[in-house]
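Trainee: Sharing final_27.tsv here; it has TSV, C-alpha atoms.
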```
chain	number	residue	atom	x	y	z
A	1	MET	CA	32.46	30.22	1.83
A	2	ASP	CA	34.10	33.15	0.05
A	3	GLU	CA	32.85	34.81	-3.13
A	4	ALA	CA	35.41	33.15	-5.44
A	5	THR	CA	34.54	29.63	-4.25
A	6	ARG	CA	30.85	30.39	-4.51
A	7	ASN	CA	31.30	31.56	-8.13
A	8	LEU	CA	33.30	28.41	-8.93
A	9	CYS	CA	30.52	26.23	-7.49
A	10	TYR	CA	27.97	28.03	-9.62
A	11	LYS	CA	30.11	27.59	-12.75
A	12	LEU	CA	30.46	23.84	-12.17
A	13	ARG	CA	26.74	23.41	-11.47
A	14	HIS	CA	25.65	25.62	-14.43
A	15	PRO	CA	28.02	24.90	-17.38
A	16	GLY	CA	27.59	26.04	-20.95
A	17	ALA	CA	25.24	24.62	-23.56
A	18	GLY	CA	25.73	20.92	-24.29
A	19	GLN	CA	27.66	20.25	-21.05
A	20	LYS	CA	26.36	18.24	-18.13
A	21	PRO	CA	26.15	20.02	-14.76
A	22	MET	CA	28.29	18.54	-11.99
A	23	LYS	CA	26.52	17.48	-8.84
A	24	PHE	CA	28.17	17.83	-5.46
A	25	LEU	CA	28.45	14.05	-5.07
A	26	ASP	CA	30.43	13.96	-8.34
A	27	MET	CA	32.75	16.61	-6.89
A	28	ILE	CA	33.30	14.39	-3.85
A	29	ARG	CA	34.21	11.41	-6.06
A	30	ILE	CA	36.74	13.39	-8.12
A	31	TYR	CA	38.15	14.88	-4.91
A	32	LYS	CA	38.75	11.41	-3.46
A	33	ILE	CA	40.43	10.17	-6.66
A	34	LYS	CA	42.72	13.21	-7.10
A	35	LYS	CA	43.17	13.86	-3.40
A	36	LYS	CA	46.87	12.85	-3.21
A	37	ASP	CA	48.41	14.92	-5.97
A	38	GLY	CA	45.68	17.30	-7.19
A	39	SER	CA	47.32	17.25	-10.60
A	40	THR	CA	44.57	18.97	-12.56
A	41	PRO	CA	43.21	22.49	-11.96
A	42	LYS	CA	39.69	21.07	-11.84
A	43	ALA	CA	40.62	18.61	-9.10
A	44	GLN	CA	42.34	21.38	-7.13
A	45	ALA	CA	39.27	23.59	-7.43
A	46	ILE	CA	37.00	20.77	-6.32
A	47	SER	CA	39.35	20.02	-3.43
A	48	SER	CA	38.96	23.62	-2.31
A	49	ILE	CA	35.18	23.45	-2.56
A	50	VAL	CA	34.95	20.17	-0.63
A	51	SER	CA	37.24	21.27	2.17
A	52	LYS	CA	35.45	24.61	2.59
A	53	PHE	CA	32.08	22.87	2.56
A	54	ARG	CA	33.25	20.52	5.31
A	55	ASP	CA	34.50	23.45	7.37
A	56	PHE	CA	31.16	25.17	6.89
A	57	LYS	CA	29.30	22.01	7.89
A	58	ARG	CA	31.44	21.56	11.00
A	59	LYS	CA	30.69	25.11	12.12
A	60	ARG	CA	26.95	25.02	11.38
A	61	GLY	CA	26.12	21.37	12.04
A	62	ARG	CA	25.48	19.59	15.33
A	63	LYS	CA	28.27	17.98	17.30
A	64	ASN	CA	28.79	14.26	16.86
A	65	GLY	CA	26.35	12.33	19.03
A	66	SER	CA	24.06	15.29	19.68
A	67	LEU	CA	20.33	15.13	18.88
A	68	LYS	CA	18.19	17.58	17.01
A	69	THR	CA	15.65	17.55	19.83
A	70	THR	CA	16.05	18.43	23.49
A	71	PRO	CA	15.10	16.05	26.34
A	72	ALA	CA	11.96	18.12	26.90
A	73	GLU	CA	11.02	17.80	23.22
A	74	ASN	CA	11.71	14.05	23.31
A	75	LYS	CA	9.35	13.82	26.27
A	76	LYS	CA	6.70	15.78	24.34
A	77	ILE	CA	7.02	13.41	21.36
A	78	LEU	CA	6.46	10.40	23.62
A	79	GLN	CA	3.54	12.08	25.37
A	80	THR	CA	1.90	12.82	22.02
A	81	PHE	CA	2.60	9.25	20.87
A	82	HIS	CA	0.94	7.67	23.91
A	83	LYS	CA	-1.99	10.06	23.62
A	84	LEU	CA	-2.63	9.26	19.93
A	85	ARG	CA	-1.85	5.56	20.24
A	86	PRO	CA	-3.68	3.90	23.12
A	87	PRO	CA	-2.73	0.21	23.49
A	88	GLY	CA	-3.60	-1.68	20.31
A	89	HIS	CA	-4.53	1.35	18.21
A	90	GLY	CA	-2.83	1.84	14.85
A	91	ILE	CA	-0.83	5.00	14.10
A	92	ASP	CA	1.71	6.04	11.49
A	93	SER	CA	4.43	8.70	11.52
A	94	ASN	CA	2.30	11.12	9.47
A	95	ALA	CA	-0.49	11.15	12.05
A	96	LEU	CA	2.00	11.46	14.90
A	97	HIS	CA	3.85	14.35	13.24
A	98	ARG	CA	0.57	16.18	12.63
A	99	GLY	CA	-0.34	15.79	16.30
A	100	LEU	CA	2.81	17.53	17.61
A	101	PRO	CA	2.73	21.15	18.81
A	102	ALA	CA	3.15	23.64	15.94
A	103	VAL	CA	6.62	24.84	17.00
A	104	LEU	CA	8.00	21.31	17.36
A	105	LYS	CA	6.30	20.14	14.16
A	106	LYS	CA	8.02	22.93	12.24
A	107	LYS	CA	11.40	22.13	13.75
A	108	ILE	CA	11.56	18.38	13.04
A	109	ALA	CA	10.52	16.03	10.25
A	110	ARG	CA	8.82	12.64	10.38
A	111	ARG	CA	12.22	10.93	10.20
A	112	THR	CA	13.22	12.50	13.52
A	113	VAL	CA	9.95	11.35	15.09
A	114	ILE	CA	10.61	7.77	13.94
A	115	ARG	CA	14.15	7.93	15.36
A	116	ARG	CA	13.00	9.21	18.75
A	117	LEU	CA	10.46	6.37	18.93
A	118	GLY	CA	13.15	3.90	17.92
A	119	ASP	CA	15.38	5.16	20.74
A	120	LYS	CA	12.68	4.01	23.16
A	121	GLY	CA	12.15	0.68	21.37
A	122	TYR	CA	9.01	1.57	19.39
A	123	PHE	CA	9.11	0.32	15.79
A	124	ALA	CA	6.44	-0.12	13.10
A	125	GLN	CA	5.43	-3.80	13.19
A	126	GLU	CA	2.58	-5.97	11.97
A	127	LYS	CA	0.38	-7.56	14.57
A	128	GLU	CA	0.79	-11.29	14.92
A	129	SER	CA	-1.31	-13.56	12.73
A	130	LYS	CA	-0.80	-17.08	11.43
A	131	THR	CA	-1.91	-18.64	8.14
A	132	ASP	CA	-1.30	-22.30	7.23
A	133	LEU	CA	-2.44	-23.12	3.71
A	134	GLY	CA	-1.86	-26.86	3.90
A	135	VAL	CA	-0.03	-29.15	1.47
A	136	SER	CA	-2.88	-29.53	-1.05
A	137	THR	CA	-3.54	-25.79	-1.47
A	138	THR	CA	0.18	-25.03	-1.69
A	139	LYS	CA	0.59	-27.53	-4.54
A	140	LYS	CA	-2.34	-26.00	-6.45
A	141	ARG	CA	-0.81	-22.53	-6.07
A	142	LEU	CA	2.50	-23.80	-7.44
A	143	VAL	CA	0.76	-25.46	-10.43
A	144	PHE	CA	-0.95	-22.18	-11.29
A	145	CYS	CA	2.22	-20.10	-10.90
A	146	LYS	CA	4.43	-22.50	-12.88
A	147	LYS	CA	1.92	-22.38	-15.73
A	148	HIS	CA	2.23	-18.58	-15.95
A	149	LYS	CA	5.81	-18.03	-14.73
A	150	ASP	CA	7.17	-16.82	-18.10
A	151	LYS	CA	4.62	-14.05	-18.61
A	152	THR	CA	5.78	-10.44	-18.32
A	153	CYS	CA	3.68	-7.44	-17.28
A	154	GLU	CA	2.85	-6.68	-20.91
A	155	ASP	CA	1.95	-10.33	-21.56
A	156	TRP	CA	-0.55	-10.22	-18.70
A	157	LYS	CA	-2.10	-7.02	-20.02
A	158	GLN	CA	-2.53	-8.64	-23.42
A	159	CYS	CA	-4.03	-11.95	-22.27
A	160	LEU	CA	-5.98	-10.84	-19.18
A	161	HIS	CA	-8.59	-8.14	-19.73
A	162	ALA	CA	-9.78	-7.60	-16.16
A	163	VAL	CA	-9.53	-8.81	-12.59
A	164	GLY	CA	-12.52	-8.91	-10.24
A	165	ASP	CA	-13.42	-9.65	-6.67
A	166	MET	CA	-16.18	-9.19	-4.13
A	167	LYS	CA	-15.69	-7.18	-0.94
A	168	GLU	CA	-17.88	-6.91	2.14
A	169	PHE	CA	-17.65	-3.60	3.99
A	170	THR	CA	-18.95	-3.27	7.53
A	171	TRP	CA	-20.86	-0.31	8.94
A	172	TYR	CA	-20.34	0.23	12.65
A	173	PRO	CA	-22.71	2.32	14.74
A	174	ARG	CA	-21.31	5.28	16.60
A	175	GLU	CA	-21.05	3.52	19.97
A	176	LEU	CA	-18.85	0.72	18.54
A	177	GLN	CA	-16.47	2.85	16.47
A	178	PRO	CA	-13.86	3.57	19.22
A	179	LYS	CA	-13.44	-0.15	19.90
A	180	PHE	CA	-13.38	-0.93	16.17
A	181	LYS	CA	-10.61	1.62	15.50
A	182	LYS	CA	-8.51	0.00	18.20
A	183	LEU	CA	-8.87	-3.57	16.94
A	184	ARG	CA	-8.96	-3.16	13.14
A	185	SER	CA	-5.39	-1.91	12.68
A	186	ARG	CA	-3.05	-4.57	11.26
A	187	TRP	CA	0.10	-2.77	12.41
A	188	THR	CA	1.24	0.01	14.70
A	189	PHE	CA	4.31	1.33	16.50
A	190	MET	CA	5.05	-0.94	19.46
A	191	THR	CA	7.88	-2.54	21.40
A	192	ALA	CA	8.79	-6.22	21.24
A	193	LYS	CA	7.34	-6.64	24.73
A	194	GLU	CA	4.06	-4.91	23.78
A	195	LYS	CA	3.67	-7.14	20.72
A	196	LYS	CA	2.95	-10.12	22.99
A	197	LYS	CA	0.26	-8.34	25.00
A	198	PRO	CA	-3.42	-9.14	24.28
A	199	ALA	CA	-4.26	-5.48	23.56
A	200	PHE	CA	-1.85	-5.50	20.60
A	201	GLN	CA	-3.09	-8.72	18.99
A	202	ARG	CA	-5.99	-8.93	16.58
A	203	PRO	CA	-8.74	-11.13	18.02
A	204	ARG	CA	-10.81	-13.54	15.92
A	205	ARG	CA	-14.05	-11.99	17.18
A	206	TRP	CA	-14.05	-8.23	17.71
A	207	PHE	CA	-17.38	-7.86	19.50
A	208	PRO	CA	-19.63	-10.06	21.62
A	209	LYS	CA	-22.80	-11.31	19.91
A	210	ARG	CA	-25.09	-8.68	21.43
A	211	GLU	CA	-22.87	-5.89	20.06
A	212	TYR	CA	-22.20	-7.58	16.75
A	213	LYS	CA	-25.93	-7.59	16.01
A	214	LEU	CA	-25.74	-3.79	15.72
A	215	VAL	CA	-23.32	-3.79	12.75
A	216	LYS	CA	-24.47	-4.07	9.13
A	217	LYS	CA	-22.80	-5.43	6.00
A	218	TYR	CA	-22.63	-3.98	2.50
A	219	LYS	CA	-21.21	-6.03	-0.37
A	220	VAL	CA	-19.81	-4.68	-3.62
A	221	PHE	CA	-18.26	-6.36	-6.64
A	222	GLY	CA	-15.32	-4.59	-8.25
A	223	PHE	CA	-13.48	-5.03	-11.55
A	224	THR	CA	-10.33	-3.35	-12.84
A	225	ALA	CA	-9.42	-3.55	-16.53
A	226	SER	CA	-5.89	-3.85	-17.91
A	227	ASP	CA	-6.00	-0.17	-18.93
A	228	GLY	CA	-6.89	0.95	-15.39
A	229	LYS	CA	-10.64	1.58	-15.83
A	230	SER	CA	-12.81	0.26	-13.02
A	231	LEU	CA	-16.34	-0.95	-12.35
A	232	VAL	CA	-17.97	-1.16	-8.91
A	233	PHE	CA	-21.57	-2.21	-8.30
A	234	PRO	CA	-23.56	-3.40	-5.25
A	235	VAL	CA	-24.23	-7.09	-4.63
A	236	PRO	CA	-27.95	-7.66	-4.04
A	237	SER	CA	-29.34	-9.83	-1.29
A	238	PRO	CA	-30.08	-12.72	-1.43
A	239	TRP	CA	-26.96	-13.62	-3.39
A	240	ASP	CA	-26.92	-16.75	-5.56
A	241	ALA	CA	-25.72	-18.02	-8.95
A	242	ASP	CA	-28.86	-16.88	-10.79
A	243	VAL	CA	-28.45	-13.32	-9.46
A	244	TRP	CA	-24.80	-13.34	-10.50
A	245	ALA	CA	-25.74	-14.54	-14.00
A	246	VAL	CA	-28.04	-11.52	-14.35
A	247	LEU	CA	-25.28	-9.16	-13.18
A	248	VAL	CA	-22.87	-10.66	-15.73
A	249	LYS	CA	-25.37	-9.83	-18.48
A	250	LYS	CA	-26.43	-6.38	-17.22
A	251	LYS	CA	-23.21	-5.05	-15.64
A	252	LEU	CA	-20.07	-6.96	-16.57
A	253	GLN	CA	-20.63	-7.64	-20.28
A	254	PRO	CA	-21.62	-4.04	-21.24
A	255	TRP	CA	-18.65	-2.67	-19.28
A	256	LEU	CA	-16.15	-4.98	-20.99
A	257	GLN	CA	-17.56	-4.11	-24.41
A	258	LYS	CA	-17.26	-0.41	-23.60
A	259	VAL	CA	-13.67	-0.66	-22.31
A	260	PHE	CA	-12.52	-2.94	-25.18
A	261	PRO	CA	-14.65	-1.87	-28.18
A	262	GLY	CA	-12.66	-3.94	-30.68
A	263	LYS	CA	-12.84	-7.19	-28.71
A	264	THR	CA	-15.45	-9.94	-29.07
A	265	SER	CA	-14.17	-12.26	-26.32
A	266	PHE	CA	-12.70	-11.54	-22.92
A	267	THR	CA	-10.58	-13.26	-20.27
A	268	ILE	CA	-11.07	-12.28	-16.65
A	269	LEU	CA	-9.74	-13.42	-13.28
A	270	LEU	CA	-12.11	-14.31	-10.43
A	271	ASP	CA	-11.55	-16.03	-7.11
A	272	GLY	CA	-12.43	-19.68	-6.60
A	273	GLU	CA	-15.84	-19.10	-5.02
A	274	LYS	CA	-18.16	-21.93	-6.09
A	275	LEU	CA	-21.05	-19.58	-6.77
A	276	LEU	CA	-19.01	-17.81	-9.48
A	277	ARG	CA	-18.49	-21.13	-11.25
A	278	ALA	CA	-21.97	-22.58	-10.86
A	279	PRO	CA	-23.82	-23.85	-14.01
A	280	ALA	CA	-25.95	-20.68	-14.26
A	281	ALA	CA	-22.80	-18.53	-14.07
A	282	LYS	CA	-21.01	-20.62	-16.70
A	283	ARG	CA	-23.93	-20.21	-19.09
A	284	ALA	CA	-23.81	-16.44	-18.58
A	285	TYR	CA	-20.05	-16.39	-19.29
A	286	ALA	CA	-20.53	-18.40	-22.47
A	287	ALA	CA	-23.29	-16.05	-23.70
A	288	ALA	CA	-21.03	-13.04	-23.06
A	289	ASN	CA	-17.90	-14.71	-24.57
A	290	ILE	CA	-16.11	-14.47	-21.21
A	291	THR	CA	-13.44	-16.98	-20.17
A	292	LEU	CA	-12.21	-17.38	-16.59
A	293	LEU	CA	-8.47	-17.67	-16.03
A	294	GLY	CA	-7.68	-21.02	-14.46
A	295	PRO	CA	-7.23	-23.37	-12.87
A	296	TRP	CA	-7.48	-20.93	-9.99
A	297	PRO	CA	-6.13	-22.25	-6.64
A	298	GLY	CA	-8.47	-21.93	-3.69
A	299	TYR	CA	-7.71	-19.86	-0.59
A	300	SER	CA	-5.46	-17.50	-2.54
A	301	PRO	CA	-7.02	-14.05	-2.19
A	302	GLU	CA	-3.66	-12.26	-2.19
A	303	LEU	CA	-2.89	-13.59	-5.70
A	304	ASN	CA	-5.84	-11.58	-7.04
A	305	PRO	CA	-4.63	-8.01	-7.79
A	306	GLN	CA	-8.11	-6.62	-7.08
A	307	GLU	CA	-7.29	-7.14	-3.39
A	308	HIS	CA	-4.97	-4.11	-3.63
A	309	VAL	CA	-8.03	-1.96	-4.38
A	310	TRP	CA	-9.80	-3.24	-1.29
A	311	SER	CA	-6.72	-2.82	0.91
A	312	ARG	CA	-6.68	0.90	0.03
A	313	ALA	CA	-10.45	1.37	-0.01
A	314	GLU	CA	-10.88	0.21	3.60
A	315	PRO	CA	-8.65	2.89	5.23
A	316	GLU	CA	-9.93	5.55	2.82
A	317	LEU	CA	-13.49	4.68	3.84
A	318	ARG	CA	-12.65	5.04	7.52
A	319	LEU	CA	-11.15	8.49	6.83
A	320	LEU	CA	-14.30	9.53	4.96
A	321	GLU	CA	-16.53	8.49	7.86
A	322	ASN	CA	-17.51	11.18	10.34
A	323	GLY	CA	-19.08	8.98	13.02
A	324	ARG	CA	-22.61	10.17	12.29
A	325	ASP	CA	-23.27	8.37	8.99
A	326	SER	CA	-26.48	6.41	8.82
A	327	PHE	CA	-26.49	3.08	6.98
A	328	LYS	CA	-28.65	4.65	4.23
A	329	THR	CA	-26.10	7.34	3.30
A	330	TRP	CA	-22.96	5.34	4.17
A	331	PRO	CA	-22.81	3.29	0.87
A	332	LYS	CA	-22.06	6.49	-1.08
A	333	LYS	CA	-18.79	6.74	0.82
A	334	VAL	CA	-18.07	3.08	0.10
A	335	PHE	CA	-18.21	3.70	-3.66
A	336	LYS	CA	-16.17	6.88	-3.32
A	337	ALA	CA	-13.45	5.02	-1.39
A	338	CYS	CA	-13.36	2.22	-3.98
A	339	ARG	CA	-12.83	4.72	-6.80
A	340	MET	CA	-9.95	6.49	-5.04
A	341	TYR	CA	-7.41	3.81	-5.99
A	342	THR	CA	-4.78	5.38	-8.29
A	343	GLY	CA	-2.75	2.36	-9.44
A	344	GLY	CA	-5.38	0.69	-11.61
A	345	HIS	CA	-3.26	0.84	-14.79
A	346	LYS	CA	-0.59	-1.36	-13.09
A	347	LEU	CA	-2.96	-3.82	-11.45
A	348	VAL	CA	-3.23	-6.53	-14.12
A	349	GLY	CA	0.49	-6.30	-14.92
A	350	SER	CA	1.33	-6.90	-11.25
A	351	MET	CA	0.37	-10.56	-11.76
A	352	ALA	CA	3.89	-11.16	-13.12
A	353	LYS	CA	5.48	-10.18	-9.80
A	354	LYS	CA	2.89	-12.07	-7.76
A	355	VAL	CA	3.62	-15.28	-9.66
A	356	ARG	CA	7.39	-14.86	-9.22
A	357	ASP	CA	7.05	-14.13	-5.49
A	358	CYS	CA	4.76	-17.11	-4.95
A	359	LEU	CA	7.24	-19.44	-6.67
A	360	ALA	CA	10.11	-17.97	-4.62
A	361	ARG	CA	8.15	-18.77	-1.45
A	362	ASP	CA	7.33	-22.32	-2.60
A	363	GLY	CA	3.63	-21.51	-2.71
A	364	ALA	CA	3.37	-19.74	0.65
A	365	MET	CA	1.13	-16.71	1.25
A	366	LEU	CA	2.38	-13.35	-0.03
A	367	ASP	CA	2.66	-10.13	1.95
A	368	CYS	CA	-0.02	-7.65	0.79
```
Take the structure in this file and express it as structure tokens.
Mentor:
Amino acid sequence: MDEATRNLCYKLRHPGAGQKPMKFLDMIRIYKIKKKDGSTPKAQAISSIVSKFRDFKRKRGRKNGSLKTTPAENKKILQTFHKLRPPGHGIDSNALHRGLPAVLKKKIARRTVIRRLGDKGYFAQEKESKTDLGVSTTKKRLVFCKKHKDKTCEDWKQCLHAVGDMKEFTWYPRELQPKFKKLRSRWTFMTAKEKKKPAFQRPRRWFPKREYKLVKKYKVFGFTASDGKSLVFPVPSPWDADVWAVLVKKKLQPWLQKVFPGKTSFTILLDGEKLLRAPAAKRAYAAANITLLGPWPGYSPELNPQEHVWSRAEPELRLLENGRDSFKTWPKKVFKACRMYTGGHKLVGSMAKKVRDCLARDGAMLDC
């Protein structure tokens, strides 16, 4: 590109005060419209810029059909892929790109890695799983969604103060972690043929009984307010309605009053667990002026926005683990992972989209 054309490009991209700069795509559009006659000086100038840019691209770019990587580099990408993704293990393009040799990693982007895998038939896919809600549950989901179908995001933030849910995290001893990392992944890069193999399907039981006795559970209860503030506290054992009533008084009520200082009554969303709606729990709600959103359909965890917090907390927790954590120190990382969720201010408002999607699917399960 000569100096005159370069100066003209700069002038079009950096006009005077009060004028909008012209992007290259806009130049292309004008060039296509005025291509036949080039009646205006501006169109002729743009025609010159476009044609010279295409000449420059033809000289500098790759030939049609050629790849950015060589056969040897393609082989290295596949070798790295098979090394980082044993059968059944989950992997994403970020992890694969980081695992490439430094020279190759600098040369190509993640998009090229995904394309090279696609050339060999490897695509990101979810592992097979089946969920049948049944006619009765589907009808209850539709009743709930039809009742709230006209609410917008802002309406939900006004009428629903917080969403809450309980999550059970599992601590795995060091000797079980390699097997756990293989089986826990919900999706990975795999071929259509691999998807049918047992190693790539999530089993119902991950470990035999003798191994499963080595793992330990840690339960937490989490709440997210409509303004994005969150509360996470441990669930004591044994867990019953009387214990939950005490937690409502000592944990939930003070937190709601702190988050909404001008409010005297609150509406929250909880799952349909019977313990949360037992007589002792109802008395605690009444004393704290808390109302549960209902009627809540059973077996609908994905309708509760708090599930989005857990879906991000689980992988974050596994990244925080170092393989040597004892069960005494491990809960600190559980709380840290739960507080790493960044979309809390949108969580309650997302109920509007969940209701619409559920109605569009005639009450079927949503993709989370």
Trainee: Do you have, as JSON lines, the list of residues of region 259-313 of chain A lying at most 12 Å from region 345-362 of chain A, each with its nearest atom pair and that distance in Å to one decimal, counting only C-alpha atoms and ordered by chain then number?
Mentor:
```
{"residue": "A:Thr267", "atom": "CA", "partner": "A:Val348", "partner_atom": "CA", "distance": 11.7}
{"residue": "A:Ile268", "atom": "CA", "partner": "A:Val348", "partner_atom": "CA", "distance": 10.0}
{"residue": "A:Leu269", "atom": "CA", "partner": "A:Val348", "partner_atom": "CA", "distance": 9.5}
{"residue": "A:Ser300", "atom": "CA", "partner": "A:Cys358", "partner_atom": "CA", "distance": 10.5}
{"residue": "A:Pro301", "atom": "CA", "partner": "A:Lys354", "partner_atom": "CA", "distance": 11.5}
{"residue": "A:Glu302", "atom": "CA", "partner": "A:Lys354", "partner_atom": "CA", "distance": 8.6}
{"residue": "A:Leu303", "atom": "CA", "partner": "A:Lys354", "partner_atom": "CA", "distance": 6.3}
{"residue": "A:Asn304", "atom": "CA", "partner": "A:Met351", "partner_atom": "CA", "distance": 7.9}
{"residue": "A:Pro305", "atom": "CA", "partner": "A:Leu347", "partner_atom": "CA", "distance": 5.8}
{"residue": "A:Gln306", "atom": "CA", "partner": "A:Leu347", "partner_atom": "CA", "distance": 7.3}
{"residue": "A:Glu307", "atom": "CA", "partner": "A:Leu347", "partner_atom": "CA", "distance": 9.7}
{"residue": "A:His308", "atom": "CA", "partner": "A:Leu347", "partner_atom": "CA", "distance": 8.1}
{"residue": "A:Val309", "atom": "CA", "partner": "A:Leu347", "partner_atom": "CA", "distance": 8.9}
```
Trainee: How many Å lie between CA of Lys147 (chain A) and CA of Pro297 (chain A), rounded to one decimal?
Mentor: 12.1 Å
Trainee: What is the CA of Gln253 (chain A) to CA of Tyr285 (chain A) distance in Å?
Mentor: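 Straight-line distance from CA of Gln253 (chain A) to CA of Tyr285 (chain A) works out to 8.8 Å.
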Trainee: Go through region 106-129 of chain A and flag each residue having an atom no more than 12 Å from region 70-82 of chain A; for those, report the closest pair of atoms plus their distance in Å to one decimal, using all atoms listed in the file, ordered by chain and rising number, as a tab-separated table.
Mentor:
```
residue	atom	partner	partner_atom	distance
A:Lys107	CA	A:Glu73	CA	10.4
A:Ile108	CA	A:Glu73	CA	10.2
A:Ala109	CA	A:Ile77	CA	11.9
A:Arg110	CA	A:Ile77	CA	11.2
A:Thr112	CA	A:Asn74	CA	10.0
A:Val113	CA	A:Ile77	CA	7.2
A:Ile114	CA	A:Ile77	CA	10.0
A:Arg115	CA	A:Asn74	CA	10.3
A:Arg116	CA	A:Asn74	CA	6.8
A:Leu117	CA	A:Leu78	CA	7.4
A:Gly118	CA	A:Leu78	CA	10.9
A:Asp119	CA	A:Asn74	CA	10.0
A:Lys120	CA	A:Leu78	CA	8.9
A:Gly121	CA	A:Leu78	CA	11.5
A:Tyr122	CA	A:Phe81	CA	10.1
```
Trainee: Could you tell me which of A:Gly363, A:Gly88, A:Gly134, A:Pro173 comes closest to Asn322 (chain A) if we count all atoms listed in the file?
Mentor: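 Checking each of A:Gly363, A:Gly88, A:Gly134, A:Pro173 against Asn322 (chain A), counting all atoms listed in the file, the winner is A:Pro173.
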Trainee: Compare A:Asp242, A:Glu194, A:Asp165, A:Glu273 by their minimum atom-to-atom distance to Gln125 (chain A), counting only C-alpha atoms, and give me the closest one.
Mentor: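 Using only C-alpha atoms, the shortest distance to Gln125 (chain A) belongs to A:Glu194.
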Trainee: Could you tell me how far CA of Leu100 (chain A) lies from CA of Ala124 (chain A), in Å and to one decimal?
Mentor: 18.6 Å
Trainee: If we count only C-alpha atoms and set the cut-off at 10 Å, which residues sit around Phe260 (chain A), ignoring sequence neighbours fewer than 5 positions away in its own chain? Please answer as number ranges by chain.
Mentor: A: 161, 225-227, 254-255, 265-266
Trainee: Which residues, written as a PDB file with C-alpha atoms, in the coordinates of the input, have at least one atom at most 8 Å from region 166-171 of chain A, with only C-alpha atoms counted and residues fewer than 3 positions away on the same chain left out?
Mentor:
```pdb
ATOM      1  CA  VAL A 215     -23.320  -3.790  12.750  1.00  0.00           C
ATOM      2  CA  LYS A 216     -24.470  -4.070   9.130  1.00  0.00           C
ATOM      3  CA  LYS A 217     -22.800  -5.430   6.000  1.00  0.00           C
ATOM      4  CA  TYR A 218     -22.630  -3.980   2.500  1.00  0.00           C
ATOM      5  CA  LYS A 219     -21.210  -6.030  -0.370  1.00  0.00           C
ATOM      6  CA  VAL A 220     -19.810  -4.680  -3.620  1.00  0.00           C
ATOM      7  CA  PHE A 221     -18.260  -6.360  -6.640  1.00  0.00           C
ATOM      8  CA  GLY A 222     -15.320  -4.590  -8.250  1.00  0.00           C
ATOM      9  CA  TRP A 310      -9.800  -3.240  -1.290  1.00  0.00           C
ATOM     10  CA  GLU A 314     -10.880   0.210   3.600  1.00  0.00           C
ATOM     11  CA  PHE A 327     -26.490   3.080   6.980  1.00  0.00           C
ATOM     12  CA  TRP A 330     -22.960   5.340   4.170  1.00  0.00           C
ATOM     13  CA  VAL A 334     -18.070   3.080   0.100  1.00  0.00           C
TER      14      VAL A 334
END
```
Trainee: Please determine, counting only C-alpha atoms, which residue among A:Gly343, A:Gly90, A:Gly99, A:Gly272 has the shortest atom-to-atom distance to Ser185 (chain A).
Mentor: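 Nearest candidate to Ser185 (chain A) out of A:Gly343, A:Gly90, A:Gly99, A:Gly272: A:Gly90.
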Trainee: Restricting the calculation to all atoms listed in the file, which member of A:Ala245, A:Met365, A:Leu292, A:Leu231 is positioned closest to Cys338 (chain A)?
Mentor: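 So, comparing all the options, the nearest one is A:Leu231.
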Trainee: When you count only C-alpha atoms, which of these residues is closest to Glu321 (chain A): A:Tyr172, A:Phe200, A:Trp156, A:Tyr299?
Mentor: A:Tyr172
Trainee: Between A:Lys209, A:Lys182, A:Gly298, A:Thr329, single out the one closest to Ser136 (chain A), counting all atoms listed in the file.
Mentor: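 With all atoms listed in the file as the atom set, the closest residue is A:Gly298.
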Trainee: Taking only N, CA and C atoms, show region 94-102 of chain A of the given structure as an mmCIF file, in the first residue's frame.
Mentor:
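decode11.cif written:
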```
data_model
loop_
_atom_site.group_PDB
_atom_site.id
_atom_site.type_symbol
_atom_site.label_atom_id
_atom_site.label_comp_id
_atom_site.auth_asym_id
_atom_site.auth_seq_id
_atom_site.Cartn_x
_atom_site.Cartn_y
_atom_site.Cartn_z
ATOM 1 N N ASN A 94 -8.784 -24.273 26.085
ATOM 2 C CA ASN A 94 -7.813 -23.475 26.845
ATOM 3 C C ASN A 94 -6.707 -24.356 27.411
ATOM 4 N N ALA A 95 -7.115 -25.446 28.051
ATOM 5 C CA ALA A 95 -6.132 -26.357 28.647
ATOM 6 C C ALA A 95 -5.255 -26.993 27.577
ATOM 7 N N LEU A 96 -5.851 -27.336 26.443
ATOM 8 C CA LEU A 96 -5.075 -27.948 25.366
ATOM 9 C C LEU A 96 -4.079 -26.957 24.775
ATOM 10 N N HIS A 97 -4.511 -25.711 24.584
ATOM 11 C CA HIS A 97 -3.610 -24.696 24.031
ATOM 12 C C HIS A 97 -2.446 -24.424 24.970
ATOM 13 N N ARG A 98 -2.723 -24.404 26.286
ATOM 14 C CA ARG A 98 -1.655 -24.185 27.254
ATOM 15 C C ARG A 98 -0.652 -25.333 27.269
ATOM 16 N N GLY A 99 -1.099 -26.533 26.919
ATOM 17 C CA GLY A 99 -0.219 -27.691 26.948
ATOM 18 C C GLY A 99 0.671 -27.847 25.733
ATOM 19 N N LEU A 100 0.473 -27.030 24.690
ATOM 20 C CA LEU A 100 1.294 -27.129 23.478
ATOM 21 C C LEU A 100 2.702 -26.595 23.727
ATOM 22 N N PRO A 101 3.674 -27.014 22.920
ATOM 23 C CA PRO A 101 5.018 -26.433 23.019
ATOM 24 C C PRO A 101 4.978 -24.920 22.826
ATOM 25 N N ALA A 102 5.904 -24.212 23.437
ATOM 26 C CA ALA A 102 5.868 -22.738 23.451
ATOM 27 C C ALA A 102 5.854 -22.144 22.045
#
```
